[in-house]
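The structure appears below as structure tokens.
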Amino acid sequence: MIEFSLAGLRRALDGGEISSRELTEACLRRIEERNPALNAFVTLCGESALKEASRADSGKAADGPLAGIPIAHKDIFCTRGVRTTAGSRILDNFVPPYDATVVERLAQAGTFLIGKTNMDEFAMGSSSETSYYGPVLNPWDLSRSPGGSSGGSAAAVAAGLVPAATGTDTGGSVRQPAALCGITGFRPSYGRVSRYGMIAFASSLDQAGSLTRTAEDAALLLDSMAGHDPRDSTCAQRPGERYSAALSPMSARALEGVRIGVVKEFMGEGLDPRCRQVFSDNMATLRGLGAAVSEVSLPRLPLSVAVYYVVAPAECSSNLARFDGVRFGLRESGADSLEALYTQSRGAGFGEEVRRRILVGGWVLSKGYFDAYYLKAQRARRLLANDFARAFESVDMLAGPTTPAPAFAVGEKINDPIQMYLNDVYTIGAALAGLPCISVPAGSVDGLPVGLQLMGRPFAEAEVLRCAHAYQLETNWHRLWPPGTTAPFDAG
Amino acid sequence: MNNLKTPKQSEPAAEFSDAELLRAAHLTRLALDDGEKPELAATLRRIIGFVRVLQELDTEGVEPMVHPLDLRLPLRADEVTESDMRTEAQACAPDVAKGLYRVPRVIEPA
Amino acid sequence: MNLEAVIGLEIHVQLATRSKMFSGAPTVFGAAPNTQACLVDLGFPGTLPVANREAVAMAARFGLATGGRVAEHSVFARKNYFYPDLPKGYQISQYELPIVSGGAVEVAVPGHAPRTIELTRAHLEEDAGKSLHDALPNATGVDLNRAGAPLLEIVTEPQLHSPEEAGACMRSIHQMVTWIGISDGAMQEGSMRCDANISLRKRGDPNLGTRTEIKNLNSFRFVERALRCEIRRQGEVLRGGGAVAQETRLYDSRMDATRPMRDKEEANDYRYFPDPDLPPLVLESGFVEELRHTLPELPGARQDRFEADYGLSAEDARRLCESRATADYFEAAGRACGDMVLAARWVTGDLAAALNRDALDIGASRVGAGELGALLARLREGVLSGKLGKEVFQAMWSGEGGADDIIAARGLKQISDTSTLEGIVDDILASHSDQVSQYREGNTRVFGFFVGQVMRATKGRANPAIVNELLRERL
């Protein structure tokens with residue numbers, strides 16, 4: 001039996017159980033069947049994917065560790081010659097003349113692109129409902145949201161349309177949809193993976209990550225994605241590691257000596273009691289693997305959402321100024337003055353949530369409010385990061401639920417931005433501090449998946465992945481498929 | 001520190017007046033429909049009210065955190081690595097003429 | 001009302017790097033539109049800036065050369081505004097923490113004692129592109145070739161008090177940036193542009209009046225002319241009992257007047273904040289010290305040395321140090337002929353005139369320093385008279401060859417052989433007996449006549465000293 005994970009497919013391809021073309025055709029078939037309902041893709045590249053697959057089969061393609069495996073990229077990564085929209089009308093016709101570093105590196109590793117996944121517009125959202133291309137739906141329950149902003153990637157992996165997809169995480173955009181779709185979402189440390197070619201939302205927070213079925217697969221992708229990139233000045237000047245190699249050997253007491261801190265502030269009244277129960281089961285599992293679990297406090301954490309909703313909009317208001325209808329993207333016709341060209345193109349090109357954030361961001365940077373809002377938030381951010389640093393003096397890893405509740409209904413929060421923002425209350429803190437973190441499927445509430453989040457010290461990717469892998473060796477949550485979905489290649 | 005209000009308890013920020021909305025829209029060059037303004041202003045007042053809770057935090061003497069990592073600016077060698085990309089770059093431009101990006105006439109040079 | 005002008009300058013100098021401030025695109029002037037703007041310069045989604053080490057080094061060199069402090073820690077910030085020639089909707093610049101603070105330049109207005117003008121700061125930034133208003137019918141065309149070119153913005157304290165001083169200050173900064181090799185200083189290509197802040201106040205009043213800013217002055221002459229106009233205009237406003245409005249103005253050279261700029265940013269709220277794409281610029285003291293060692297002898301020091309070591313006048317030393325190329329030329333020519341004073345006279349005299357006539361920089365001189373030195377050596381040796389020296393120089397200038405070749409080809413070698421000259425003098429005295437009588441009767445003015453006749457007979461080659469001596473003996 002072929003396991004539909006990167007590791008499983010690697011074995012199957014190497015063992016000749018399947019060809020790259022068969023794999024790609026299977027993915028395309030599933031996409032054809034399931035995507036109309038899920039709306040996980042903005043653009044499909046079936047033809048070029050099949051060509052790449054044949055090249056891989058005939059040995060003409062690069063022989064990287066992921067050779068012959070089709071993957072999807074979130075539509076925020078620039079792909080040369082393939083339309084890249086960031087889920088926005090303003091980029092509806094944008095075909096980048098270059099590849100993002102992540103795209104380039106994963107291509108060097110042997111993967112090829114099968115399609116670009118749907119997402120919240122410019123990654124601003126937690127439900128994949130702000131996309132110009134319509135909402136993505138959750139494969140576990142089509143009336144619910146898959147989370148966001150990397151909802152298309154999460155839904156595609158969860159429904160077995162692709163074995164893995166890239167995502168980006170600014171405040172939780174990889175971890176939250178992974179949790180709500182029952183898959184593994186990994187966000188490396190800030191600076192671990194190049195941001196070059198990733199359309200910027202909030203530069204000091206954006207980080208490329210992955211949506212996969214397992215932590216092992218996240219490590220396999222990170223092996224290729226991580227490392228210094230001279231084109232990104234904020235990319236850490238340290239080489240990548242062999243993260244996948246650090247996962248074995250793994251004993252029954254794999255977490256012996258690992259100190260895990262349960263974040264007290266995550267356990268407050270906002271947490272769904274059923275999720276609280278799941279989480280306490282999770283801690284029992286980790287204890288069983290040898291981990292020492294204790295409670296720690298991050299006193300400033302309750303402010304993290306407020307900090308984030310100053311810093312991220314401020315940076316986004318500036319990052320999105322380049323969409324002005326002059327060099328690329330939408331230009332509203334009929335504008336007879338420069339001012340009209342700008343305001344009409346931007347007014348028509350950006351959706352509601354993006355416009356709200358641009359307005360808030362422009363305002364908090366403006367005369368008279370800069371100190372009270374922007375500087376204040378950046379100071380609070382430092383205090384928050386200090387809280388994390390202090391916690392890591394006594395524990396090696398932090399843990400908490402990824403979300404306060406399982407997937408919410410489509411339309412439930414979209415008209416109340418603050419309710420939507422608060423859905424990221426558990427994921428924003430680690431993003432503000434730039435920490436590596438992962439969400440793994442960890443339980444079920446009313447038939448919907450919920451996630452366990454682990455957060456490590458900066459650049460402790462290997463430890464975080466190892467801990468998540470140990471957990472997955474012990475549990476089967478990540479092996480579940482949504483109702484009505486069978487594993488690809490299952491029973492032939 | 002422990003009696004900090006959580007963001008949920010926030011009041012809408014009155015200081016984000018309708019005039020401030022127009023100022024922000026002008027600064028960020030966004031056209032707003034008259035019809036959407038009242039609700040938009042109310043929503044933004046709530047968002048700004050929500051983030052205002054930070055103002056009760058004592059941040060005296062705290063260095064703002066602009067970058068999550070304590071990095072230094074990398075410097076590249078002064079070498080020309082890029083060649084003419086006009087054709088490819090202008091393939092996605094809305095309006096070009098004679099190799100120039102065309103925009104409505106700007107009355108006065110800046 | 002006795003009014004005094006208070007002027008400060010913001011001078012943008014394009015740094016002479018090969019590639020741009022934050023991208024690897026070339027900076028060559030005059031390319032076809034938008035062929036030198038790469039995806040980073042165009043602000044393409046997903047692209048990121050990476051700073052140019054050489055531009056940073058050049059800025060630091062300027063700081064060292066002007067005695068400023070080179071910051072160990074400086075920060076790039078975003079200056080946000082919309083304009084079609086600003087691709088990202090923000091300009092990467094330095095705001096609160098510039099790379100250079102303080103420093104000073106010497107400013108000399110001819111006929112006045114030199115003054116020291118303090119510099120507030122100098123910071124690195126990227127240039128914008130160009131909006132062309134006449135290239136397309138009924139539209140503006142945007143050329144982004146210049147977008148991202150490295151600029152050093154140098155800000156002076158408001159310590160200048162006349163248009164002439166402001167012009168001299170700009171010249172002094174031009175001299176410095178070209179001297180230390182951080183800019184080609186090509187004014188006609190826009191390598192140096194200036195904004196001037198100007199206000200008037202009652203002489204002796206410690207408070208500053210309301211200032212206006214005149215933007216985009218791209219020549220020394222325009223700085224002076226624009227300030228003259230603006231001083232006149234503000235003076236009229238104040239004397240008429242009015243108030244000067246704080247505003248940005250443009251200088252119209254055809255009308256020779258300044259006018260307010262139409263407000264493109266009425267509030268001018270640039271929303272500066274630290275660029276999250278660029279960590280702080282940290283310069284180790286070792287890096288800065290190494291740069292200090294690469295600095296050439298600076299103009300002030302070199303001028304002092306020319307006066308002290310070569311006995312030149314302050315004025316000659318100043319003129320020879322107007323550019324490093326001139327100073328180098330002078331010293332090379334002087335060493336070649338062994339007479340620095342003679343070399344100074346020729347470099348500031350005949351050579352300067354020839355360069356000026358043909359509108360050439362000294363670097364493009366048709367007579368090289370070594371060649372001029374060889375000519376001057378012949379003058380020193382008495383092989384050539386001063387008059388013939390000028391003739392030879394002109395021949396060299398027109399490309400006829402080196403000094404010795406020309407002297408030989410034209411038979412210009414001075415006749416210093418006494419016996420040859422005796423014969424010529426005797427012949428002339430014999431054939432001009434009337435004039436000899438006049439001289440002997442006391443009309444000594446005819447002495448010059450005899451000299452002239454000898455020179456004519458020798459085609460100017462007779463050694464004048466020997467001719468004088470022989471004539472005096474015989475008369």
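Within each chain, counting starts at residue 1; across the structure tokens, chains are named A, B, ... in the order shown, with ligands numbered 1 upward in that order.
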Show me which bits of chain B are within 12 Å of chain C, counting only C-alpha atoms, as number ranges by chain. B: 23-24, 26-30, 64-90, 92-93, 95-110
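The environment of Arg105 in chain A within 10 Å, counting only C-alpha atoms and disregarding residues fewer than 2 places along the same chain, consists of Asp99, Ala100, Thr101, Val102, Val103, Ala107, Gln108, Ala109, Gly110, Thr111, Leu221, Asp223, Ser224, Met225, Ala226 and Gly227 of chain A.
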Would you pick out the contacts of Ala462 in chain A at 7 Å or less, using only C-alpha atoms, so that residues sharing its chain but fewer than 4 positions from it are not included, and give the list as a ChimeraX atom specification? /A:243,246,466
Tell me, as a list in words, which residues lie within 9 Å of Cys229 in chain C, counting only C-alpha atoms; anything in the same chain fewer than 2 positions away does not count.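 Listing them by chain and then by number gives Glu224, Arg225, Ala226, Leu227, Ile231, Arg232, Arg233, Gln234, Tyr251, Asp256, Ala257 and Thr258 of chain C.
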Based on the selection just made, write C-alpha atoms of those residues as a tab-separated table (two decimals), in the first residue's frame.
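selection-v7.tsv was written with the following content:
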chain	number	residue	atom	x	y	z
C	224	GLU	CA	22.70	81.39	-6.85
C	225	ARG	CA	20.13	82.81	-9.22
C	226	ALA	CA	17.18	81.11	-7.56
C	227	LEU	CA	18.27	82.32	-4.13
C	231	ILE	CA	15.65	86.78	-1.32
C	232	ARG	CA	14.25	89.62	-3.39
C	233	ARG	CA	10.75	88.15	-3.25
C	234	GLN	CA	10.76	87.47	0.49
C	251	TYR	CA	12.79	78.01	-9.75
C	256	ASP	CA	14.17	83.93	-13.49
C	257	ALA	CA	11.62	83.66	-10.71
C	258	THR	CA	10.46	81.18	-8.11
Nearest to Gln394 in chain C by atom-to-atom distance, counting only C-alpha atoms, from C:Gly103, C:Asp434, C:Ala353, C:Ala377: C:Ala353
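Around Tyr374 in chain A, within 9 Å and counting only C-alpha atoms, the residues found are Val307, Val310, Val311, Ala314, Gly361, Val364, Leu365, Tyr369, Phe370, Asp371, Ala377, Gln378 and Arg379 of chain A; Phe273 of chain C, once anything fewer than 3 positions away on its own chain is removed.
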Please produce a file of those selected residues containing C-alpha atoms, as a short mmCIF file (atom, residue, chain, number, x, y, z; two decimals), in the first residue's frame.
data_model
loop_
_atom_site.label_atom_id
_atom_site.label_comp_id
_atom_site.auth_asym_id
_atom_site.auth_seq_id
_atom_site.Cartn_x
_atom_site.Cartn_y
_atom_site.Cartn_z
CA VAL A 307 0.15 44.26 18.95
CA VAL A 310 -1.04 47.47 14.71
CA VAL A 311 2.28 46.13 13.38
CA ALA A 314 1.30 49.31 9.39
CA GLY A 361 -2.00 50.78 8.95
CA VAL A 364 -1.27 54.31 12.89
CA LEU A 365 1.85 55.50 11.05
CA TYR A 369 -0.59 58.66 16.05
CA PHE A 370 2.76 57.08 15.25
CA ASP A 371 4.11 57.12 18.80
CA ALA A 377 3.00 48.27 19.65
CA GLN A 378 6.64 47.63 18.71
CA ARG A 379 7.62 48.20 22.35
CA PHE C 273 9.07 53.93 9.82
#
7 Å contacts from chain A to chain C using only C-alpha atoms, as a list in words: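 My answer is Tyr196, Gly197, Met198, Ile199, Ala200, Ser203, Ser204, Arg231, Asp232, Ser233, Thr234, Ser318, Ala321, Arg322, Leu365, Ser366 and Lys367 of chain A.
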Take the residues just selected and output them with all heavy atoms as a compact mmCIF listing (two decimals), in the first residue's frame.
# COMPACT_ATOMS: atom_id res chain seq x y z
N TYR A 196 12.13 35.98 -0.41
CA TYR A 196 12.23 36.54 -1.76
C TYR A 196 11.21 35.88 -2.69
O TYR A 196 11.16 34.65 -2.80
CB TYR A 196 13.64 36.36 -2.32
CG TYR A 196 13.85 37.11 -3.61
CD1 TYR A 196 14.08 38.48 -3.60
CD2 TYR A 196 13.77 36.47 -4.83
CE1 TYR A 196 14.25 39.19 -4.77
CE2 TYR A 196 13.93 37.16 -6.02
CZ TYR A 196 14.16 38.52 -5.98
OH TYR A 196 14.32 39.22 -7.15
N GLY A 197 10.41 36.70 -3.30
CA GLY A 197 9.41 36.18 -4.23
C GLY A 197 8.09 35.80 -3.58
O GLY A 197 7.18 35.31 -4.24
N MET A 198 8.01 36.04 -2.27
CA MET A 198 6.78 35.81 -1.54
C MET A 198 6.12 37.18 -1.42
O MET A 198 6.72 38.08 -0.86
CB MET A 198 7.20 35.30 -0.16
CG MET A 198 6.23 34.48 0.58
SD MET A 198 7.12 33.82 2.03
CE MET A 198 6.56 34.98 3.28
N ILE A 199 4.95 37.34 -1.97
CA ILE A 199 4.35 38.68 -1.98
C ILE A 199 4.11 39.12 -0.55
O ILE A 199 3.47 38.42 0.24
CB ILE A 199 3.07 38.70 -2.83
CG1 ILE A 199 3.43 38.35 -4.28
CG2 ILE A 199 2.36 40.05 -2.74
CD1 ILE A 199 2.24 38.21 -5.22
N ALA A 200 4.69 40.28 -0.21
CA ALA A 200 4.75 40.69 1.19
C ALA A 200 3.41 41.15 1.72
O ALA A 200 2.68 41.89 1.05
CB ALA A 200 5.79 41.79 1.36
N SER A 203 6.24 42.41 6.48
CA SER A 203 7.60 41.90 6.28
C SER A 203 8.26 41.34 7.52
O SER A 203 9.05 40.42 7.44
CB SER A 203 8.47 43.01 5.70
OG SER A 203 7.82 43.62 4.62
N SER A 204 7.98 41.93 8.69
CA SER A 204 8.69 41.48 9.89
C SER A 204 8.03 40.25 10.50
O SER A 204 8.48 39.75 11.53
CB SER A 204 8.78 42.61 10.92
OG SER A 204 7.54 42.79 11.58
N ARG A 231 19.36 37.19 -1.50
CA ARG A 231 18.38 38.15 -2.02
C ARG A 231 17.42 38.65 -0.95
O ARG A 231 16.59 39.50 -1.20
CB ARG A 231 17.60 37.52 -3.18
CG ARG A 231 18.46 37.33 -4.42
CD ARG A 231 17.74 36.54 -5.48
NE ARG A 231 17.46 35.19 -5.03
CZ ARG A 231 16.98 34.23 -5.80
NH1 ARG A 231 16.71 34.47 -7.06
NH2 ARG A 231 16.76 33.03 -5.32
N ASP A 232 17.51 38.06 0.25
CA ASP A 232 16.64 38.50 1.35
C ASP A 232 17.53 38.93 2.52
O ASP A 232 18.19 38.11 3.15
CB ASP A 232 15.72 37.34 1.77
CG ASP A 232 14.86 37.66 2.99
OD1 ASP A 232 14.94 38.79 3.50
OD2 ASP A 232 14.11 36.76 3.43
N SER A 233 17.53 40.23 2.80
CA SER A 233 18.42 40.77 3.84
C SER A 233 18.00 40.35 5.24
O SER A 233 18.75 40.56 6.19
CB SER A 233 18.44 42.31 3.78
OG SER A 233 18.89 42.74 2.52
N THR A 234 16.80 39.82 5.39
CA THR A 234 16.35 39.39 6.72
C THR A 234 16.46 37.88 6.88
O THR A 234 16.01 37.32 7.88
CB THR A 234 14.90 39.82 6.98
OG1 THR A 234 14.05 39.20 6.00
CG2 THR A 234 14.74 41.32 6.90
N SER A 318 2.25 49.97 3.79
CA SER A 318 3.41 50.38 3.00
C SER A 318 3.73 49.34 1.91
O SER A 318 3.99 49.69 0.76
CB SER A 318 4.59 50.58 3.95
OG SER A 318 5.75 50.91 3.27
N ALA A 321 1.54 49.61 -1.14
CA ALA A 321 1.50 50.88 -1.87
C ALA A 321 1.97 50.69 -3.31
O ALA A 321 1.65 51.48 -4.18
CB ALA A 321 2.37 51.92 -1.17
N ARG A 322 2.73 49.62 -3.56
CA ARG A 322 3.26 49.41 -4.91
C ARG A 322 2.16 49.02 -5.90
O ARG A 322 2.39 49.05 -7.10
CB ARG A 322 4.37 48.37 -4.89
CG ARG A 322 3.90 46.97 -4.58
CD ARG A 322 5.09 46.05 -4.33
NE ARG A 322 5.83 46.47 -3.14
CZ ARG A 322 7.09 46.17 -2.92
NH1 ARG A 322 7.78 45.48 -3.79
NH2 ARG A 322 7.69 46.57 -1.82
N LEU A 365 0.52 54.96 11.35
CA LEU A 365 1.85 55.50 11.05
C LEU A 365 1.81 57.01 10.86
O LEU A 365 2.84 57.65 10.70
CB LEU A 365 2.40 54.87 9.76
CG LEU A 365 2.83 53.40 9.81
CD1 LEU A 365 3.20 52.92 8.41
CD2 LEU A 365 4.01 53.21 10.76
N SER A 366 0.62 57.58 10.85
CA SER A 366 0.51 58.98 10.44
C SER A 366 0.81 59.92 11.58
O SER A 366 0.85 59.53 12.75
CB SER A 366 -0.88 59.24 9.85
OG SER A 366 -1.85 59.30 10.88
N LYS A 367 1.03 61.17 11.17
CA LYS A 367 1.36 62.23 12.12
C LYS A 367 0.39 62.25 13.28
O LYS A 367 -0.82 62.23 13.07
CB LYS A 367 1.28 63.57 11.40
CG LYS A 367 2.61 64.24 11.20
CD LYS A 367 2.44 65.57 10.47
CE LYS A 367 3.64 65.81 9.57
NZ LYS A 367 3.37 66.76 8.51
Please provide as a PyMOL selection string all residues within 12 Å of Glu315 in chain C, with the sequence filter that same-chain residues fewer than 5 positions apart are discarded (counting only C-alpha atoms). chain C and resi 108-114+303-304+306-307+320-322+344-345+348
Produce a file of the selected residues containing N, CA, C and O atoms, as a compact mmCIF listing (two decimals), in the first residue's frame.
# COMPACT_ATOMS: atom_id res chain seq x y z
N ALA C 108 34.57 79.16 0.42
CA ALA C 108 35.29 80.39 0.10
C ALA C 108 34.61 81.12 -1.04
O ALA C 108 34.47 80.59 -2.14
N VAL C 109 34.14 82.33 -0.75
CA VAL C 109 33.64 83.21 -1.80
C VAL C 109 34.81 84.09 -2.19
O VAL C 109 35.44 84.68 -1.31
N PRO C 110 35.15 84.16 -3.50
CA PRO C 110 36.30 84.99 -3.90
C PRO C 110 36.19 86.39 -3.31
O PRO C 110 35.12 87.00 -3.33
N GLY C 111 37.30 86.85 -2.75
CA GLY C 111 37.31 88.18 -2.16
C GLY C 111 36.87 88.20 -0.71
O GLY C 111 36.89 89.25 -0.07
N HIS C 112 36.44 87.06 -0.17
CA HIS C 112 36.06 87.01 1.24
C HIS C 112 36.89 85.94 1.94
O HIS C 112 37.34 84.99 1.30
N ALA C 113 37.02 86.11 3.24
CA ALA C 113 37.73 85.09 4.01
C ALA C 113 36.91 83.81 3.99
O ALA C 113 35.69 83.86 4.02
N PRO C 114 37.57 82.64 3.89
CA PRO C 114 36.82 81.37 3.89
C PRO C 114 36.08 81.18 5.21
O PRO C 114 36.54 81.63 6.25
N GLN C 303 46.21 72.06 -0.14
CA GLN C 303 46.37 73.49 -0.41
C GLN C 303 47.43 74.07 0.53
O GLN C 303 48.32 74.80 0.11
N ASP C 304 47.31 73.72 1.81
CA ASP C 304 48.29 74.22 2.79
C ASP C 304 49.70 73.77 2.41
O ASP C 304 50.66 74.53 2.50
N PHE C 306 50.83 73.01 -0.55
CA PHE C 306 51.30 73.72 -1.75
C PHE C 306 51.87 75.08 -1.37
O PHE C 306 52.89 75.51 -1.90
N GLU C 307 51.18 75.74 -0.44
CA GLU C 307 51.68 77.06 0.00
C GLU C 307 53.00 76.90 0.73
O GLU C 307 53.97 77.60 0.45
N LEU C 320 44.69 75.48 -7.75
CA LEU C 320 45.25 74.18 -8.13
C LEU C 320 44.56 73.04 -7.41
O LEU C 320 44.63 71.90 -7.84
N CYS C 321 43.87 73.35 -6.30
CA CYS C 321 43.17 72.30 -5.56
C CYS C 321 41.68 72.28 -5.84
O CYS C 321 40.91 71.68 -5.10
N GLU C 322 41.26 72.96 -6.89
CA GLU C 322 39.84 72.93 -7.21
C GLU C 322 39.37 71.50 -7.49
O GLU C 322 38.26 71.14 -7.18
N ALA C 344 53.01 76.00 -11.56
CA ALA C 344 51.78 76.61 -11.06
C ALA C 344 51.33 77.71 -12.02
O ALA C 344 50.15 77.82 -12.35
N ARG C 345 52.31 78.53 -12.48
CA ARG C 345 51.95 79.64 -13.35
C ARG C 345 51.34 79.10 -14.65
O ARG C 345 50.34 79.60 -15.15
N THR C 348 47.77 77.30 -14.06
CA THR C 348 46.67 78.24 -13.82
C THR C 348 46.55 79.24 -14.97
O THR C 348 45.55 79.93 -15.07
Of the candidates C:Asp41, C:Asp184, C:Asp205, C:Asp195, which shows the shortest atom-to-atom distance to Gly148 in chain C, using only C-alpha atoms? C:Asp41
Using only C-alpha atoms, can you tell me which of B:Asp34, B:Glu20, B:Glu39, B:Glu11 comes closest to chain A?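 Of B:Asp34, B:Glu20, B:Glu39, B:Glu11, the one nearest chain A is B:Glu20, counting only C-alpha atoms.
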Leaving out Pro36 in chain A and any residue of its chain fewer than 6 positions from it, which residues lie within 12 Å of it when counting only C-alpha atoms, given as a list of chain:residue names?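 Non-adjacent residues within range: A:Arg29, A:Arg30, A:Val42, A:Gly134, A:Pro135, A:Val136, A:Leu137, A:Pro139, A:Leu142, A:Ala156, A:Leu161.
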Tell me, in Å to one decimal, how far CA of Thr130 in chain A is from CA of Ser345 in chain A. 18.2 Å
So the first atom is CA of Met58 in chain C and the second is CA of Leu97 in chain C; what is the distance between them in Å, to one decimal place?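 These two atoms are separated by 17.2 Å.
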